file input26.cif (mmCIF, C-alpha atoms)
data_query
loop_
_atom_site.group_PDB
_atom_site.id
_atom_site.type_symbol
_atom_site.label_atom_id
_atom_site.label_comp_id
_atom_site.auth_asym_id
_atom_site.auth_seq_id
_atom_site.Cartn_x
_atom_site.Cartn_y
_atom_site.Cartn_z
ATOM 1 C CA MET A 1 0.000 0.000 0.000
ATOM 2 C CA ILE A 2 1.286 3.433 -0.894
ATOM 3 C CA PRO A 3 0.873 6.048 1.858
ATOM 4 C CA GLU A 4 -1.330 9.065 1.133
ATOM 5 C CA ASP A 5 1.555 11.574 1.228
ATOM 6 C CA ARG A 6 3.378 9.634 -1.507
ATOM 7 C CA ARG A 7 0.174 9.374 -3.545
ATOM 8 C CA ARG A 8 -0.199 13.154 -3.466
ATOM 9 C CA ARG A 9 3.467 13.596 -4.414
ATOM 10 C CA PHE A 10 3.009 11.106 -7.273
ATOM 11 C CA TRP A 11 -0.063 12.807 -8.795
ATOM 12 C CA ARG A 12 1.577 16.242 -8.667
ATOM 13 C CA LYS A 13 3.986 14.920 -11.310
ATOM 14 C CA VAL A 14 1.311 13.670 -13.751
ATOM 15 C CA ASP A 15 -0.353 15.662 -16.541
ATOM 16 C CA THR A 16 -3.834 14.139 -16.965
ATOM 17 C CA SER A 17 -5.060 16.621 -19.597
ATOM 18 C CA GLY A 18 -4.811 14.222 -22.573
ATOM 19 C CA ASP A 19 -5.528 10.623 -23.476
ATOM 20 C CA CYS A 20 -2.097 9.677 -22.121
ATOM 21 C CA TRP A 21 -1.356 10.730 -18.563
ATOM 22 C CA ILE A 22 2.209 11.945 -18.939
ATOM 23 C CA TRP A 23 4.757 11.517 -16.165
ATOM 24 C CA ASN A 24 6.655 14.793 -15.675
ATOM 25 C CA GLY A 25 9.048 13.556 -13.009
ATOM 26 C CA SER A 26 12.357 11.780 -13.454
ATOM 27 C CA TYR A 27 12.618 9.073 -16.078
ATOM 28 C CA SER A 28 15.025 6.481 -17.404
ATOM 29 C CA ARG A 29 17.209 7.986 -20.107
ATOM 30 C CA THR A 30 17.683 4.474 -21.508
ATOM 31 C CA TYR A 31 14.065 3.303 -21.754
ATOM 32 C CA GLY A 32 12.046 6.492 -21.197
ATOM 33 C CA HIS A 33 9.864 5.085 -18.401
ATOM 34 C CA GLY A 34 9.011 7.378 -15.523
ATOM 35 C CA GLN A 35 10.681 6.670 -12.196
ATOM 36 C CA PHE A 36 9.250 7.368 -8.763
ATOM 37 C CA PHE A 37 11.095 7.089 -5.475
ATOM 38 C CA VAL A 38 8.965 4.920 -3.193
ATOM 39 C CA GLY A 39 11.526 4.934 -0.387
ATOM 40 C CA THR A 40 14.675 6.767 0.566
ATOM 41 C CA LYS A 41 16.741 5.020 -2.094
ATOM 42 C CA GLU A 42 14.208 2.670 -3.677
ATOM 43 C CA ARG A 43 12.587 3.634 -6.963
ATOM 44 C CA ASP A 44 10.026 1.953 -9.169
ATOM 45 C CA GLY A 45 8.478 2.594 -12.551
ATOM 46 C CA ALA A 46 5.885 5.375 -12.400
ATOM 47 C CA HIS A 47 3.432 3.229 -14.388
ATOM 48 C CA ARG A 48 3.819 0.439 -11.785
ATOM 49 C CA VAL A 49 3.190 2.901 -8.939
ATOM 50 C CA ALA A 50 0.067 4.177 -10.745
ATOM 51 C CA TRP A 51 -1.194 0.581 -10.958
ATOM 52 C CA ARG A 52 -0.613 -0.002 -7.241
ATOM 53 C CA ILE A 53 -2.431 3.238 -6.357
ATOM 54 C CA ALA A 54 -5.437 2.233 -8.489
ATOM 55 C CA TYR A 55 -5.605 -1.540 -7.962
ATOM 56 C CA GLY A 56 -3.247 -2.634 -5.187
ATOM 57 C CA GLU A 57 -0.232 -4.879 -5.458
ATOM 58 C CA ILE A 58 0.791 -6.259 -8.838
ATOM 59 C CA PRO A 59 0.029 -10.001 -8.936
ATOM 60 C CA ALA A 60 3.081 -12.272 -8.950
ATOM 61 C CA GLY A 61 4.216 -13.119 -12.456
ATOM 62 C CA ARG A 62 2.269 -10.242 -14.028
ATOM 63 C CA TRP A 63 3.536 -7.212 -15.948
ATOM 64 C CA VAL A 64 2.169 -3.663 -16.073
ATOM 65 C CA LEU A 65 2.190 -2.611 -19.727
ATOM 66 C CA HIS A 66 1.053 0.440 -21.680
ATOM 67 C CA HIS A 67 -1.749 0.106 -24.213
ATOM 68 C CA CYS A 68 -0.470 3.259 -25.903
ATOM 69 C CA ASP A 69 3.228 2.252 -25.969
ATOM 70 C CA ASN A 70 4.168 5.687 -24.597
ATOM 71 C CA PRO A 71 6.775 4.905 -21.911
ATOM 72 C CA ARG A 72 6.002 8.099 -19.945
ATOM 73 C CA CYS A 73 2.255 7.374 -19.768
ATOM 74 C CA VAL A 74 0.960 6.239 -16.370
ATOM 75 C CA ARG A 75 -2.693 5.779 -17.320
#
call {"tool": "encode", "arguments": {"input": "input26.cif", "output": "structure tokens"}}
result
Amino acid sequence: MIPEDRRRRFWRKVDTSGDCWIWNGSYSRTYGHGQFFVGTKERDGAHRVAWRIAYGEIPAGRWVLHHCDNPRCVR
């Protein structure tokens, strides 16, 4: 579960004005995926954090993928 203060910090970095919800925080220069620090030194993909906020933990053996193939989209 992601604490409320981190949820607020997460959504402040997302532009939800279009079909894709674009991550405006840090991102991987190699792959382009958004990155979100979930702990002091622990980071995770922004799209994975968005999933956990909306649906809870990601089931074992499952992937969180983009329908739009935009690596900075967290929708």
call {"tool": "residues_near_point", "arguments": {"input": "input26.cif", "point": "(0.1, 0.6, -4.7)", "cutoff": "12 Å", "atoms": "all atoms listed in the file", "output": "PyMOL selection string"}}
result
chain A and resi 1-4+6-7+10+38+44-59
call {"tool": "residues_around", "arguments": {"input": "input26.cif", "residues": "His66 (chain A)", "least_positions_apart": "2", "cutoff": "12 Å", "atoms": "all atoms listed in the file", "output": "PyMOL selection string"}}
result
chain A and resi 20-22+33+45-48+50-51+63-64+68-75
call {"tool": "atom_distance", "arguments": {"input": "input26.cif", "atom1": "CA of Gly25 (chain A)", "atom2": "CA of His67 (chain A)"}}
result
20.6 Å
call {"tool": "residues_around", "arguments": {"input": "input26.cif", "residues": "Val14 (chain A)", "least_positions_apart": "3", "cutoff": "6 Å", "atoms": "all atoms listed in the file", "output": "ChimeraX atom specification"}}
result
/A:11,22-24
call {"tool": "atom_distance", "arguments": {"input": "input26.cif", "atom1": "CA of Arg29 (chain A)", "atom2": "CA of Ala60 (chain A)"}}
result
27.1 Å
call {"tool": "atom_distance", "arguments": {"input": "input26.cif", "atom1": "CA of Arg62 (chain A)", "atom2": "CA of Phe36 (chain A)"}}
result
19.7 Å
call {"tool": "decode", "arguments": {"input": "input26.cif", "residues": "chain A", "atoms": "C-alpha atoms", "output": "compact mmCIF listing (two decimals), in the first residue's frame"}}
result
# COMPACT_ATOMS: atom_id res chain seq x y z
CA MET A 1 0.00 0.00 0.00
CA ILE A 2 1.29 3.43 -0.89
CA PRO A 3 0.87 6.05 1.86
CA GLU A 4 -1.33 9.07 1.13
CA ASP A 5 1.56 11.57 1.23
CA ARG A 6 3.38 9.63 -1.51
CA ARG A 7 0.17 9.37 -3.55
CA ARG A 8 -0.20 13.15 -3.47
CA ARG A 9 3.47 13.60 -4.41
CA PHE A 10 3.01 11.11 -7.27
CA TRP A 11 -0.06 12.81 -8.79
CA ARG A 12 1.58 16.24 -8.67
CA LYS A 13 3.99 14.92 -11.31
CA VAL A 14 1.31 13.67 -13.75
CA ASP A 15 -0.35 15.66 -16.54
CA THR A 16 -3.83 14.14 -16.97
CA SER A 17 -5.06 16.62 -19.60
CA GLY A 18 -4.81 14.22 -22.57
CA ASP A 19 -5.53 10.62 -23.48
CA CYS A 20 -2.10 9.68 -22.12
CA TRP A 21 -1.36 10.73 -18.56
CA ILE A 22 2.21 11.94 -18.94
CA TRP A 23 4.76 11.52 -16.17
CA ASN A 24 6.66 14.79 -15.68
CA GLY A 25 9.05 13.56 -13.01
CA SER A 26 12.36 11.78 -13.45
CA TYR A 27 12.62 9.07 -16.08
CA SER A 28 15.02 6.48 -17.40
CA ARG A 29 17.21 7.99 -20.11
CA THR A 30 17.68 4.47 -21.51
CA TYR A 31 14.06 3.30 -21.75
CA GLY A 32 12.05 6.49 -21.20
CA HIS A 33 9.86 5.08 -18.40
CA GLY A 34 9.01 7.38 -15.52
CA GLN A 35 10.68 6.67 -12.20
CA PHE A 36 9.25 7.37 -8.76
CA PHE A 37 11.09 7.09 -5.48
CA VAL A 38 8.96 4.92 -3.19
CA GLY A 39 11.53 4.93 -0.39
CA THR A 40 14.67 6.77 0.57
CA LYS A 41 16.74 5.02 -2.09
CA GLU A 42 14.21 2.67 -3.68
CA ARG A 43 12.59 3.63 -6.96
CA ASP A 44 10.03 1.95 -9.17
CA GLY A 45 8.48 2.59 -12.55
CA ALA A 46 5.89 5.37 -12.40
CA HIS A 47 3.43 3.23 -14.39
CA ARG A 48 3.82 0.44 -11.78
CA VAL A 49 3.19 2.90 -8.94
CA ALA A 50 0.07 4.18 -10.74
CA TRP A 51 -1.19 0.58 -10.96
CA ARG A 52 -0.61 0.00 -7.24
CA ILE A 53 -2.43 3.24 -6.36
CA ALA A 54 -5.44 2.23 -8.49
CA TYR A 55 -5.60 -1.54 -7.96
CA GLY A 56 -3.25 -2.63 -5.19
CA GLU A 57 -0.23 -4.88 -5.46
CA ILE A 58 0.79 -6.26 -8.84
CA PRO A 59 0.03 -10.00 -8.94
CA ALA A 60 3.08 -12.27 -8.95
CA GLY A 61 4.22 -13.12 -12.46
CA ARG A 62 2.27 -10.24 -14.03
CA TRP A 63 3.54 -7.21 -15.95
CA VAL A 64 2.17 -3.66 -16.07
CA LEU A 65 2.19 -2.61 -19.73
CA HIS A 66 1.05 0.44 -21.68
CA HIS A 67 -1.75 0.11 -24.21
CA CYS A 68 -0.47 3.26 -25.90
CA ASP A 69 3.23 2.25 -25.97
CA ASN A 70 4.17 5.69 -24.60
CA PRO A 71 6.77 4.91 -21.91
CA ARG A 72 6.00 8.10 -19.95
CA CYS A 73 2.26 7.37 -19.77
CA VAL A 74 0.96 6.24 -16.37
CA ARG A 75 -2.69 5.78 -17.32
